[in-house]
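Asks: This one is target28.cif, mmCIF, C-alpha atoms.
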```
data_input
loop_
_atom_site.label_atom_id
_atom_site.label_comp_id
_atom_site.auth_asym_id
_atom_site.auth_seq_id
_atom_site.Cartn_x
_atom_site.Cartn_y
_atom_site.Cartn_z
CA MET A 1 21.20 6.37 5.38
CA ALA A 2 18.64 8.59 7.02
CA TYR A 3 15.68 6.57 5.73
CA MET A 4 15.82 3.97 8.49
CA LYS A 5 15.21 6.65 11.12
CA ARG A 6 12.30 8.20 9.25
CA SER A 7 10.23 5.10 8.67
CA PRO A 8 10.19 2.74 11.65
CA TRP A 9 7.54 0.07 11.21
CA ILE A 10 6.45 -1.79 14.30
CA ILE A 11 5.11 -5.21 15.11
CA HIS A 12 3.41 -5.42 18.48
CA TYR A 13 3.11 -8.69 20.42
CA ASP A 14 1.29 -9.14 23.70
CA GLY A 15 3.33 -11.64 25.77
CA SER A 16 1.01 -12.06 28.72
CA SER A 17 0.16 -8.46 29.38
CA CYS A 18 -2.92 -7.36 31.34
CA ASN A 19 -3.77 -5.22 28.23
CA GLY A 20 -2.86 -2.00 30.05
CA CYS A 21 0.30 -1.48 28.02
CA ASP A 22 -1.42 -2.71 24.82
CA ILE A 23 -4.08 -0.05 25.11
CA GLU A 24 -1.39 2.59 25.63
CA VAL A 25 0.44 1.33 22.52
CA LEU A 26 -2.77 1.67 20.51
CA ALA A 27 -3.42 5.08 22.10
CA CYS A 28 -0.27 6.26 20.30
CA LEU A 29 -2.11 5.83 16.98
CA THR A 30 -4.99 8.12 18.01
CA PRO A 31 -5.21 11.77 16.90
CA LEU A 32 -3.82 12.98 20.26
CA TYR A 33 -0.38 11.35 19.83
CA ASP A 34 -0.52 10.35 16.13
CA VAL A 35 2.78 8.49 15.79
CA GLU A 36 2.24 8.27 12.04
CA ARG A 37 3.58 11.84 11.83
CA PHE A 38 6.99 10.29 12.59
CA GLY A 39 6.43 7.67 9.91
CA ILE A 40 5.67 5.00 12.52
CA ILE A 41 3.28 2.33 11.24
CA ASN A 42 1.85 -0.53 13.25
CA THR A 43 2.27 -3.40 10.77
CA GLY A 44 0.87 -6.77 11.74
CA ASN A 45 3.62 -8.56 9.88
CA PRO A 46 7.11 -9.44 11.19
CA LYS A 47 8.47 -9.48 7.62
CA HIS A 48 7.62 -5.79 7.19
CA ALA A 49 8.65 -4.64 10.66
CA ASP A 50 11.80 -2.96 11.97
CA ILE A 51 10.95 -2.70 15.66
CA PHE A 52 9.53 -5.57 17.72
CA VAL A 53 7.44 -4.12 20.53
CA VAL A 54 6.63 -6.64 23.26
CA THR A 55 4.30 -5.95 26.18
CA GLY A 56 3.81 -8.31 29.11
CA SER A 57 6.07 -11.00 30.52
CA VAL A 58 7.10 -14.27 28.92
CA ASN A 59 5.17 -17.40 29.74
CA GLU A 60 5.80 -20.95 28.62
CA GLN A 61 3.30 -20.84 25.75
CA GLY A 62 4.58 -17.54 24.41
CA ARG A 63 8.27 -18.52 24.18
CA GLN A 64 8.03 -20.14 20.75
CA VAL A 65 5.82 -17.37 19.37
CA ILE A 66 8.20 -14.60 20.42
CA ARG A 67 11.19 -16.51 19.06
CA ASN A 68 9.35 -17.15 15.78
CA ILE A 69 8.34 -13.51 15.25
CA TYR A 70 11.89 -12.38 16.04
CA ASP A 71 13.43 -14.83 13.58
CA GLN A 72 11.10 -13.78 10.77
CA MET A 73 12.05 -10.09 10.98
CA PRO A 74 14.67 -9.05 8.39
CA GLU A 75 17.82 -7.30 9.64
CA PRO A 76 18.36 -4.66 10.95
CA LYS A 77 15.84 -5.18 13.75
CA VAL A 78 15.40 -3.88 17.27
CA VAL A 79 13.47 -5.31 20.21
CA ALA A 80 11.78 -2.92 22.62
CA ALA A 81 10.31 -4.22 25.91
CA PHE A 82 7.44 -1.91 26.87
CA GLY A 83 6.15 -1.98 30.45
CA ILE A 84 7.69 -3.38 33.60
CA CYS A 85 6.33 -6.88 32.92
CA ALA A 86 8.17 -7.04 29.59
CA CYS A 87 11.33 -5.67 31.24
CA SER A 88 11.54 -8.00 34.24
CA GLY A 89 8.25 -9.82 34.79
CA GLY A 90 6.93 -7.06 37.06
CA ILE A 91 4.50 -8.09 39.78
CA PHE A 92 3.96 -11.41 38.00
CA ARG A 93 7.66 -12.31 38.22
CA GLU A 94 7.13 -14.93 40.95
CA CYS A 95 4.14 -16.59 39.28
CA TYR A 96 4.60 -20.29 38.49
CA ASN A 97 3.75 -19.77 34.82
CA VAL A 98 5.93 -16.69 34.22
CA ASP A 99 9.55 -16.93 33.07
CA GLY A 100 10.36 -13.24 33.56
CA GLY A 101 11.14 -10.47 31.08
CA ILE A 102 11.41 -10.74 27.30
CA ASP A 103 15.21 -10.93 27.54
CA GLN A 104 14.77 -14.52 28.72
CA VAL A 105 13.96 -15.45 25.10
CA ILE A 106 15.40 -12.84 22.72
CA PRO A 107 17.98 -10.04 23.06
CA VAL A 108 16.27 -6.78 24.11
CA ASP A 109 17.69 -3.43 22.99
CA VAL A 110 15.41 -0.95 24.74
CA TYR A 111 13.76 -1.32 28.16
CA ILE A 112 10.91 1.07 28.96
CA PRO A 113 9.44 0.37 32.42
CA GLY A 114 6.08 1.66 33.62
CA CYS A 115 2.76 0.21 34.69
CA PRO A 116 1.39 0.91 32.22
CA VAL A 117 3.85 2.71 29.93
CA ARG A 118 2.60 6.16 28.99
CA PRO A 119 2.29 7.07 25.31
CA GLU A 120 5.00 9.71 25.82
CA GLN A 121 7.31 6.99 27.16
CA ILE A 122 6.43 4.74 24.21
CA ILE A 123 7.33 7.47 21.70
CA ASP A 124 10.56 8.16 23.64
CA GLY A 125 11.35 4.44 23.67
CA ILE A 126 10.87 4.16 19.92
CA VAL A 127 13.11 7.17 19.35
CA ARG A 128 15.79 5.42 21.43
CA ALA A 129 15.20 2.22 19.47
CA LEU A 130 15.85 4.21 16.28
CA GLY A 131 19.35 5.05 17.54
CA VAL A 132 20.05 1.34 18.01
CA LEU A 133 18.54 0.59 14.60
CA GLU A 134 20.94 3.06 12.94
CA GLU A 135 23.90 1.47 14.75
CA LYS A 136 22.85 -1.99 13.59
CA LEU A 137 22.42 -0.79 10.02
CA ALA A 138 25.91 0.76 10.08
CA LYS A 139 27.32 -2.50 11.43
CA MET A 140 25.43 -4.47 8.78
CA LYS A 141 27.02 -2.33 6.05
CA GLU A 142 30.47 -2.71 7.62
CA ASP A 143 30.09 -6.47 7.54
CA GLY A 144 29.17 -6.13 3.87
CA ARG A 145 25.75 -7.75 4.16
CA MET B 146 10.44 10.19 -31.62
CA ILE B 147 8.86 12.79 -29.32
CA ALA B 148 6.29 10.18 -28.30
CA TRP B 149 8.96 7.81 -27.05
CA LEU B 150 10.58 10.65 -25.10
CA TYR B 151 7.24 11.02 -23.28
CA GLY B 152 7.33 7.30 -22.53
CA ILE B 153 10.87 7.50 -21.16
CA ALA B 154 9.93 10.61 -19.16
CA PHE B 155 7.07 8.59 -17.62
CA VAL B 156 9.42 5.79 -16.53
CA ILE B 157 11.70 8.33 -14.80
CA LEU B 158 9.22 10.90 -13.48
CA ALA B 159 6.16 8.79 -12.62
CA PRO B 160 7.69 7.33 -9.42
CA LEU B 161 8.46 10.88 -8.25
CA LEU B 162 4.94 12.09 -9.02
CA GLY B 163 3.31 8.90 -7.75
CA GLY B 164 5.27 8.98 -4.48
CA LEU B 165 4.31 12.61 -4.01
CA VAL B 166 0.64 11.81 -4.67
CA ALA B 167 0.85 8.94 -2.16
CA GLY B 168 2.39 11.31 0.41
CA ILE B 169 -0.30 13.94 -0.14
CA ASP B 170 -2.91 11.16 0.02
CA ARG B 171 -1.64 10.05 3.44
CA ARG B 172 -1.50 13.63 4.70
CA VAL B 173 -5.04 14.47 3.53
CA THR B 174 -6.30 11.18 4.98
CA ALA B 175 -4.72 12.06 8.34
CA ARG B 176 -6.30 15.54 8.29
CA MET B 177 -9.70 14.00 7.55
CA GLN B 178 -9.21 11.81 10.64
CA GLY B 179 -8.18 14.78 12.80
CA ARG B 180 -4.49 13.81 12.86
CA VAL B 181 -1.38 15.73 11.82
CA GLY B 182 -0.19 13.04 9.44
CA PRO B 183 3.23 12.07 8.11
CA PRO B 184 5.52 14.32 6.03
CA ILE B 185 4.63 14.67 2.33
CA LEU B 186 7.82 12.75 1.42
CA GLN B 187 7.01 9.86 3.79
CA SER B 188 6.42 7.37 0.95
CA PHE B 189 9.96 7.98 -0.33
CA TYR B 190 11.39 7.45 3.18
CA ASP B 191 9.47 4.17 3.44
CA VAL B 192 10.73 2.83 0.12
CA GLY B 193 14.26 4.10 0.81
CA LYS B 194 14.23 2.18 4.06
CA LEU B 195 12.87 -0.98 2.46
CA PHE B 196 15.83 -1.01 0.06
CA GLU B 197 18.20 -0.79 3.05
CA LYS B 198 16.77 -3.89 4.70
CA GLU B 199 18.13 -7.41 4.53
CA ARG B 200 17.09 -9.42 1.44
CA ALA B 201 14.93 -12.08 3.04
CA TYR B 202 12.62 -14.24 0.95
CA VAL B 203 10.84 -17.59 0.97
CA ARG B 204 11.65 -18.51 -2.65
CA ALA B 205 14.05 -16.69 -4.96
CA SER B 206 11.45 -16.81 -7.76
CA GLN B 207 9.15 -14.41 -5.90
CA ASN B 208 11.62 -11.56 -6.43
CA PHE B 209 11.61 -12.28 -10.17
CA TYR B 210 7.81 -12.18 -10.37
CA ILE B 211 7.65 -8.89 -8.50
CA LEU B 212 10.30 -7.46 -10.82
CA GLY B 213 8.03 -8.56 -13.68
CA TYR B 214 5.12 -6.76 -11.98
CA LEU B 215 7.16 -3.56 -11.76
CA ILE B 216 8.54 -3.75 -15.32
CA PHE B 217 5.19 -4.44 -16.98
CA ILE B 218 3.39 -1.74 -15.02
CA ALA B 219 6.13 0.74 -16.03
CA PHE B 220 5.83 -0.56 -19.63
CA SER B 221 2.06 -0.09 -19.75
CA GLY B 222 2.38 3.42 -18.33
CA ALA B 223 5.18 4.31 -20.76
CA LEU B 224 3.08 3.03 -23.67
CA PHE B 225 0.15 5.15 -22.47
CA PHE B 226 2.16 8.35 -22.16
CA ALA B 227 3.91 7.66 -25.48
CA GLY B 228 0.42 7.86 -27.01
CA GLY B 229 0.23 4.14 -27.80
CA ASP B 230 -2.69 1.77 -28.25
CA LEU B 231 -5.01 1.94 -25.22
CA LEU B 232 -5.94 -1.74 -25.57
CA LEU B 233 -2.30 -2.79 -25.40
CA VAL B 234 -1.86 -0.56 -22.33
CA ILE B 235 -4.75 -2.35 -20.64
CA PHE B 236 -3.45 -5.82 -21.52
CA ALA B 237 0.05 -4.97 -20.26
CA LEU B 238 -1.51 -3.64 -17.05
CA THR B 239 -3.43 -6.87 -16.58
CA LEU B 240 -0.31 -8.92 -17.27
CA SER B 241 1.58 -6.96 -14.60
CA HIS B 242 -1.09 -7.81 -12.03
CA ILE B 243 -0.93 -11.45 -13.06
CA PHE B 244 2.79 -11.32 -12.17
CA LEU B 245 1.84 -9.99 -8.71
CA VAL B 246 -0.67 -12.81 -8.30
CA ILE B 247 1.86 -15.47 -9.39
CA GLY B 248 4.41 -13.93 -7.01
CA ALA B 249 1.97 -14.26 -4.13
CA TYR B 250 1.01 -17.82 -5.15
CA SER B 251 4.67 -18.88 -5.48
CA VAL B 252 5.40 -18.55 -1.75
CA THR B 253 2.66 -21.03 -0.73
CA SER B 254 1.75 -19.18 2.44
CA PRO B 255 -1.93 -19.28 3.43
CA TYR B 256 -2.08 -15.49 3.81
CA ALA B 257 -0.46 -14.92 0.43
CA LEU B 258 -2.80 -17.49 -1.18
CA ILE B 259 -5.90 -15.67 0.07
CA GLY B 260 -4.31 -12.37 -0.93
CA ALA B 261 -3.62 -13.69 -4.44
CA GLU B 262 -7.21 -14.89 -4.78
CA ARG B 263 -8.51 -11.50 -3.69
CA GLU B 264 -6.21 -9.81 -6.20
CA LEU B 265 -7.68 -12.04 -8.93
CA ILE B 266 -11.21 -11.09 -7.84
CA GLN B 267 -10.17 -7.45 -8.05
CA LEU B 268 -8.92 -8.00 -11.63
CA MET B 269 -12.17 -9.77 -12.53
CA ALA B 270 -14.24 -6.92 -11.11
CA VAL B 271 -12.37 -4.05 -12.74
CA GLU B 272 -11.29 -5.49 -16.09
CA PRO B 273 -14.66 -5.23 -17.94
CA MET B 274 -14.94 -1.59 -16.90
CA ILE B 275 -11.42 -0.70 -18.00
CA ILE B 276 -11.92 -2.34 -21.39
CA LEU B 277 -15.27 -0.57 -21.85
CA VAL B 278 -13.51 2.73 -21.09
CA SER B 279 -11.29 2.16 -24.11
CA VAL B 280 -14.32 1.14 -26.20
CA GLY B 281 -16.03 4.36 -25.12
CA PHE B 282 -13.00 6.41 -26.12
CA TYR B 283 -12.96 4.63 -29.49
CA LEU B 284 -16.63 5.28 -30.20
CA ALA B 285 -16.29 8.94 -29.24
CA SER B 286 -12.99 9.79 -30.88
CA GLY B 287 -12.64 7.11 -33.54
CA SER B 288 -9.27 5.82 -32.35
CA PHE B 289 -7.75 3.50 -29.78
CA TYR B 290 -4.51 5.51 -29.81
CA VAL B 291 -4.00 7.64 -26.69
CA SER B 292 -2.32 10.39 -28.71
CA GLU B 293 -5.38 10.71 -31.00
CA ILE B 294 -7.87 10.49 -28.11
CA ALA B 295 -5.96 13.26 -26.30
CA ALA B 296 -5.96 15.38 -29.47
CA TYR B 297 -9.72 14.90 -30.04
CA GLY B 298 -10.35 18.56 -29.23
CA GLY B 299 -13.78 18.28 -27.62
CA PRO B 300 -14.88 17.52 -24.08
CA LEU B 301 -15.05 13.71 -24.07
CA ILE B 302 -16.62 13.80 -20.61
CA LEU B 303 -19.84 15.22 -22.15
CA LEU B 304 -19.97 12.35 -24.68
CA LEU B 305 -19.09 9.69 -22.11
CA PRO B 306 -20.69 10.69 -18.78
CA GLY B 307 -21.92 7.14 -18.10
CA VAL B 308 -18.53 5.64 -18.89
CA PHE B 309 -16.92 8.16 -16.55
CA ILE B 310 -19.30 7.26 -13.70
CA GLY B 311 -18.48 3.58 -14.16
CA PHE B 312 -14.76 4.33 -14.36
CA PHE B 313 -14.93 6.46 -11.21
CA TYR B 314 -16.70 3.62 -9.38
CA ALA B 315 -14.08 1.08 -10.48
CA LEU B 316 -11.25 3.54 -9.77
CA THR B 317 -12.00 3.17 -6.05
CA MET B 318 -10.97 -0.47 -6.35
CA LYS B 319 -8.07 0.21 -8.70
CA LEU B 320 -6.57 2.78 -6.30
CA ARG B 321 -7.11 0.27 -3.46
CA LYS B 322 -9.47 2.52 -1.54
CA SER B 323 -12.31 1.62 0.82
CA PRO B 324 -14.98 0.25 0.39
CA PHE B 325 -13.36 -1.86 -2.37
CA ASP B 326 -9.84 -2.34 -0.97
CA ILE B 327 -10.27 -6.11 -0.92
CA ALA B 328 -6.71 -6.84 -2.13
CA THR B 329 -4.07 -4.77 -0.33
CA CYS B 330 -4.87 -1.35 1.02
CA HIS B 331 -2.81 1.34 2.71
CA HIS B 332 -4.35 1.19 6.17
CA ALA B 333 -5.29 -2.31 7.28
CA HIS B 334 -1.78 -3.58 7.98
CA GLN B 335 -2.90 -6.29 10.39
CA GLU B 336 -5.72 -7.66 8.25
CA ILE B 337 -6.12 -10.33 5.58
CA VAL B 338 -6.45 -7.68 2.87
CA LYS B 339 -2.69 -7.21 3.19
CA GLY B 340 -2.34 -10.90 2.35
CA VAL B 341 -0.85 -10.46 -1.10
CA THR B 342 2.23 -8.67 0.30
CA THR B 343 2.59 -10.78 3.46
CA GLU B 344 5.64 -12.72 2.31
CA PHE B 345 7.40 -9.83 0.56
CA SER B 346 9.91 -7.84 2.55
CA GLY B 347 12.75 -5.40 2.02
CA SER B 348 13.48 -4.40 -1.57
CA THR B 349 10.76 -6.69 -2.99
CA LEU B 350 8.13 -4.87 -0.94
CA GLY B 351 9.74 -1.61 -2.07
CA MET B 352 9.22 -2.65 -5.70
CA VAL B 353 5.53 -3.37 -5.00
CA GLU B 354 5.21 0.16 -3.58
CA ILE B 355 6.91 1.72 -6.63
CA ALA B 356 4.60 -0.29 -8.90
CA HIS B 357 1.63 1.20 -7.01
CA TRP B 358 3.02 4.68 -7.73
CA TYR B 359 3.32 3.89 -11.45
CA GLU B 360 -0.22 2.55 -11.48
CA ALA B 361 -1.61 5.63 -9.70
CA VAL B 362 -0.01 7.92 -12.31
CA LEU B 363 -1.35 5.74 -15.15
CA LEU B 364 -4.87 5.87 -13.69
CA ILE B 365 -4.59 9.64 -13.30
CA GLY B 366 -3.59 9.69 -16.98
CA ILE B 367 -6.72 7.74 -18.00
CA THR B 368 -8.86 10.11 -15.91
CA TRP B 369 -7.11 13.00 -17.66
CA LEU B 370 -8.23 11.73 -21.10
CA PHE B 371 -11.86 12.51 -20.25
CA PHE B 372 -10.92 16.18 -19.78
CA ALA B 373 -7.94 16.39 -22.14
CA TRP B 374 -9.38 19.15 -24.35
CA ASN B 375 -8.54 21.78 -21.71
CA PRO B 376 -5.45 21.20 -19.49
CA LEU B 377 -6.67 23.63 -16.82
CA VAL B 378 -10.03 21.85 -16.48
CA ALA B 379 -8.17 18.52 -16.56
CA VAL B 380 -5.89 19.44 -13.64
CA VAL B 381 -8.85 20.60 -11.53
CA ALA B 382 -10.95 17.56 -12.48
CA VAL B 383 -8.19 15.05 -11.75
CA ALA B 384 -7.50 16.70 -8.38
CA LEU B 385 -11.21 16.64 -7.52
CA VAL B 386 -11.56 12.99 -8.57
CA TYR B 387 -8.58 11.98 -6.41
CA LEU B 388 -9.84 14.04 -3.45
CA ALA B 389 -13.25 12.40 -3.81
CA GLU B 390 -11.60 8.97 -3.75
CA ILE B 391 -9.75 9.87 -0.52
CA PHE B 392 -13.02 11.13 0.96
CA ILE B 393 -14.83 7.90 0.01
CA ASP B 394 -11.88 5.93 1.43
CA ASN B 395 -12.27 7.64 4.81
CA THR B 396 -16.04 7.56 5.09
CA THR B 397 -16.88 4.00 4.11
CA ALA B 398 -16.23 0.59 5.65
CA ARG B 399 -14.74 -2.23 3.59
CA ALA B 400 -17.29 -4.23 1.59
CA LYS B 401 -17.23 -8.01 1.25
CA TRP B 402 -15.69 -9.24 -1.99
CA GLY B 403 -19.03 -10.48 -3.32
CA PHE B 404 -20.64 -7.07 -2.98
CA ALA B 405 -17.57 -5.33 -4.41
CA LEU B 406 -17.53 -7.59 -7.48
CA GLY B 407 -21.32 -7.52 -8.00
CA SER B 408 -21.79 -3.80 -7.57
CA ILE B 409 -18.89 -2.88 -9.86
CA TRP B 410 -20.24 -5.20 -12.56
CA LEU B 411 -23.74 -3.75 -12.07
CA VAL B 412 -22.56 -0.13 -12.33
CA THR B 413 -20.43 -1.07 -15.34
CA LEU B 414 -23.39 -2.74 -17.00
CA VAL B 415 -25.96 -0.03 -16.31
CA SER B 416 -24.08 3.23 -16.72
CA THR B 417 -21.43 2.28 -19.26
CA VAL B 418 -23.50 0.05 -21.51
CA ALA B 419 -26.35 2.61 -21.48
CA ASN B 420 -23.85 5.28 -22.49
CA LEU B 421 -22.46 3.15 -25.31
CA ALA B 422 -25.95 2.17 -26.45
CA VAL B 423 -26.74 5.85 -27.02
CA PHE B 424 -23.89 5.96 -29.53
CA TYR B 425 -25.41 3.11 -31.54
CA ILE B 426 -29.00 4.32 -31.27
CA GLY B 427 -27.97 7.84 -32.15
CA GLY B 428 -26.00 6.49 -35.09
CA MET B 429 -22.83 8.21 -33.93
CA ALA B 430 -20.79 5.01 -33.81
#
```
Could you render the structure as structure tokens?
Replies:
Amino acid sequence: MAYMKRSPWIIHYDGSSCNGCDIEVLACLTPLYDVERFGIINTGNPKHADIFVVTGSVNEQGRQVIRNIYDQMPEPKVVAAFGICACSGGIFRECYNVDGGIDQVIPVDVYIPGCPVRPEQIIDGIVRALGVLEEKLAKMKEDGR
Amino acid sequence: MIAWLYGIAFVILAPLLGGLVAGIDRRVTARMQGRVGPPILQSFYDVGKLFEKERAYVRASQNFYILGYLIFIAFSGALFFAGGDLLLVIFALTLSHIFLVIGAYSVTSPYALIGAERELIQLMAVEPMIILVSVGFYLASGSFYVSEIAAYGGPLILLLPGVFIGFFYALTMKLRKSPFDIATCHHAHQEIVKGVTTEFSGSTLGMVEIAHWYEAVLLIGITWLFFAWNPLVAVVAVALVYLAEIFIDNTTARAKWGFALGSIWLVTLVSTVANLAVFYIGGMA
């Protein structure tokens, strides 16, 4: 039961981020923050991942991609929107090519605003996502799946 | 009877030892990179989690092939530790990898196809060396049986230094370490080298991980045979060999498959064949 919390694997997708949040996500892997000490691995593969980390807002071209990655992830899965653009569209919200936050396409479990998100916030967000992941796993077992 | 107990003990204990070795490997790797690194038991957490995930697959047959991979790798290891025929161990090991390759081919995904091809190249590169290791053991000890090689009584490493160098070179690829981690490795999660496991998820991916643990313990066992005359020396030597592999993993960049294949064949040819030639010239064979 406790395994899910100890080994969260992440897939990171850049919606239409300015790369600020992406660089902060990658900064988490560096020796200073070293998220691998919590068992967090940045997989590049939705089929291996437990947490879907999205940075940047949704645009028309990204809709299908986000949907596709989400559908390929095996249950239980959690979506975390990192950065204000992923949460609501941020300063790009009114742009003609931007649809808004990630929740326009897929259900989001954790919203972490910030421009950009700090690595500390990212780690905190993933820890919160783990709580949701545990709940979903418990529900999955209840449903007998 | 006792021999088969060793084999059964391998099937039960090797995943525990292999998972522990993988955990220590990740920790030492992290320390070499100036990081704290995951807990020693992290590999067990990962596999435990994978078995909790939803069973999602492209084709049902892929789960069967991966089960075959796991069973045959456990069989080859059990045969080795039961003191069986080294040649049969090697053939069973090859067969297990063929199951992995078929599993990757069966899903018809472009990533898995490239991964399967790279796995085949890996087999091609390493197989001559592994077979020559058993030939070397035979020439030195007069038997293909692991139990008799282990009971030889003298330092085989002094009779087979060239074979050991070749084996060490190929071991880098067998343990899926840089610069020869052309088919799956433990770091490059976003890259094509992970191709062979792309379409496996949940418990199927967990079985691939457990098979890696079995294989690591089997390879440690083969390394042990070179030093088997003195258990204390063997423990130190095996630890040093593994540490050296981790060090090489962290200090080299990945080679292209052509270089990996060519250089392993070259080292095999030069060091191992020279070593074996000495046996014939010296009339010891």
Asks: Counting all atoms listed in the file, give me one row per residue of chain A with an atom at most 8 Å from an atom of chain B, showing the shortest contact pair and its distance in Å to one decimal, sorted by chain then residue number, as a Markdown table.
Replies:
```
| residue | atom | partner | partner_atom | distance |
| --- | --- | --- | --- | --- |
| A:Tyr3 | CA | B:Lys194 | CA | 4.9 |
| A:Met4 | CA | B:Lys194 | CA | 5.0 |
| A:Arg6 | CA | B:Tyr190 | CA | 6.2 |
| A:Ser7 | CA | B:Asp191 | CA | 5.4 |
| A:Thr30 | CA | B:Arg180 | CA | 7.7 |
| A:Pro31 | CA | B:Arg180 | CA | 4.6 |
| A:Leu32 | CA | B:Arg180 | CA | 7.5 |
| A:Asp34 | CA | B:Arg180 | CA | 6.2 |
| A:Glu36 | CA | B:Pro183 | CA | 5.6 |
| A:Arg37 | CA | B:Pro183 | CA | 3.7 |
| A:Phe38 | CA | B:Pro183 | CA | 6.1 |
| A:Gly39 | CA | B:Pro183 | CA | 5.7 |
| A:Asn42 | CA | B:His334 | CA | 7.1 |
| A:Thr43 | CA | B:His334 | CA | 4.9 |
| A:Gly44 | CA | B:Gln335 | CA | 4.0 |
| A:Asn45 | CA | B:Thr343 | CA | 6.9 |
| A:Lys47 | CA | B:Ser346 | CA | 5.5 |
| A:His48 | CA | B:Ser346 | CA | 5.6 |
| A:Pro74 | CA | B:Glu199 | CA | 5.4 |
| A:Glu75 | CA | B:Glu199 | CA | 5.1 |
| A:Pro76 | CA | B:Lys198 | CA | 6.5 |
| A:Arg145 | CA | B:Glu199 | CA | 7.6 |
```
Asks: Write the residues you've just listed into a file as an mmCIF file, in the coordinates of the input, and include C-alpha atoms for each of them.
Replies:
```cif
data_model
loop_
_atom_site.group_PDB
_atom_site.id
_atom_site.type_symbol
_atom_site.label_atom_id
_atom_site.label_comp_id
_atom_site.auth_asym_id
_atom_site.auth_seq_id
_atom_site.Cartn_x
_atom_site.Cartn_y
_atom_site.Cartn_z
ATOM 1 C CA TYR A 3 15.680 6.570 5.730
ATOM 2 C CA MET A 4 15.820 3.970 8.490
ATOM 3 C CA ARG A 6 12.300 8.200 9.250
ATOM 4 C CA SER A 7 10.230 5.100 8.670
ATOM 5 C CA THR A 30 -4.990 8.120 18.010
ATOM 6 C CA PRO A 31 -5.210 11.770 16.900
ATOM 7 C CA LEU A 32 -3.820 12.980 20.260
ATOM 8 C CA ASP A 34 -0.520 10.350 16.130
ATOM 9 C CA GLU A 36 2.240 8.270 12.040
ATOM 10 C CA ARG A 37 3.580 11.840 11.830
ATOM 11 C CA PHE A 38 6.990 10.290 12.590
ATOM 12 C CA GLY A 39 6.430 7.670 9.910
ATOM 13 C CA ASN A 42 1.850 -0.530 13.250
ATOM 14 C CA THR A 43 2.270 -3.400 10.770
ATOM 15 C CA GLY A 44 0.870 -6.770 11.740
ATOM 16 C CA ASN A 45 3.620 -8.560 9.880
ATOM 17 C CA LYS A 47 8.470 -9.480 7.620
ATOM 18 C CA HIS A 48 7.620 -5.790 7.190
ATOM 19 C CA PRO A 74 14.670 -9.050 8.390
ATOM 20 C CA GLU A 75 17.820 -7.300 9.640
ATOM 21 C CA PRO A 76 18.360 -4.660 10.950
ATOM 22 C CA ARG A 145 25.750 -7.750 4.160
#
```
Asks: So that I can check the surroundings of His12 of chain A, please list as a count of residues only every protein, DNA and RNA residue that reaches within 12 Å of it, counting all atoms listed in the file and ignoring chain neighbours fewer than 3 positions away.
Replies: 32
Asks: Rounded to one decimal in Å, what is the spacing between atom CA of Gly229 of chain B and atom CA of Ala167 of chain B?
Replies: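 Between atom CA of Gly229 of chain B and atom CA of Ala167 of chain B the gap is 26.1 Å.
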Asks: Nearest residue to Ile40 of chain A out of A:Ile102, A:Val78, A:Val65, A:Ile126, using all atoms listed in the file?
Replies: A:Ile126
Asks: Just give me the gap between atom CA of Asn59 of chain A and atom CA of Asn19 of chain A in Å, one decimal is fine.
Replies: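 For atom CA of Asn59 of chain A relative to atom CA of Asn19 of chain A, the distance reads 15.2 Å.
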Asks: Check which residues satisfy the PyMOL selection byres ((chain A and resi 112) around 8) in the file shown, then give them as an NGL selection string.
Replies: :A and (80-84 or 87 or 110-111 or 113-114 or 117 or 121-122 or 125)
Asks: Apply the PyMOL selection byres ((chain B and resi 390-394) around 9) to the file shown and report the selected residues as a count of residues only.
Replies: 24
Asks: When you draw a straight line from atom CA of Lys141 of chain A to atom CA of Gln104 of chain A, how long is it in Å?
Replies: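 Those two atoms sit 28.5 Å apart.
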Asks: Segment 363-378 of chain B: which residues within 10 Å, counting all atoms listed in the file, same-chain residues fewer than 2 positions away excluded, as a VMD selection string?
Replies: chain B and resid 155 159 163 218 to 219 221 to 226 231 234 238 275 278 to 279 282 291 to 292 294 to 306 308 to 309 312 to 313 316 319 to 320 357 to 361 380 to 384 386 to 387
Asks: Could you check which of B:Val353, B:Ile266, B:Gly287, B:Pro273 is closest to Leu406 of chain B, using all atoms listed in the file?
Replies: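 Of B:Val353, B:Ile266, B:Gly287, B:Pro273, the one nearest Leu406 of chain B is B:Ile266, counting all atoms listed in the file.
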Asks: On this structure, which residues satisfy the PyMOL selection byres ((chain B and resi 270) around 8), written as a ChimeraX atom specification?
Replies: /B:266-269,271-274,405-407,409-410
Asks: Segment 402-406 of chain B from the block above, N, CA and C atoms, as a PDB file, in the first residue's frame, please?
Replies:
```
ATOM      1  N   TRP B 402      25.985   2.122 -31.467  1.00  0.00           N
ATOM      2  CA  TRP B 402      25.905   0.656 -31.416  1.00  0.00           C
ATOM      3  C   TRP B 402      27.031   0.003 -32.213  1.00  0.00           C
ATOM      4  N   GLY B 403      27.443   0.654 -33.318  1.00  0.00           N
ATOM      5  CA  GLY B 403      28.496   0.084 -34.147  1.00  0.00           C
ATOM      6  C   GLY B 403      29.811  -0.032 -33.383  1.00  0.00           C
ATOM      7  N   PHE B 404      30.139   1.031 -32.652  1.00  0.00           N
ATOM      8  CA  PHE B 404      31.376   1.018 -31.868  1.00  0.00           C
ATOM      9  C   PHE B 404      31.279  -0.009 -30.749  1.00  0.00           C
ATOM     10  N   ALA B 405      30.106  -0.049 -30.097  1.00  0.00           N
ATOM     11  CA  ALA B 405      29.920  -0.988 -28.981  1.00  0.00           C
ATOM     12  C   ALA B 405      30.145  -2.418 -29.467  1.00  0.00           C
ATOM     13  N   LEU B 406      29.475  -2.765 -30.569  1.00  0.00           N
ATOM     14  CA  LEU B 406      29.575  -4.118 -31.123  1.00  0.00           C
ATOM     15  C   LEU B 406      31.008  -4.420 -31.543  1.00  0.00           C
TER      16      LEU B 406
END
```
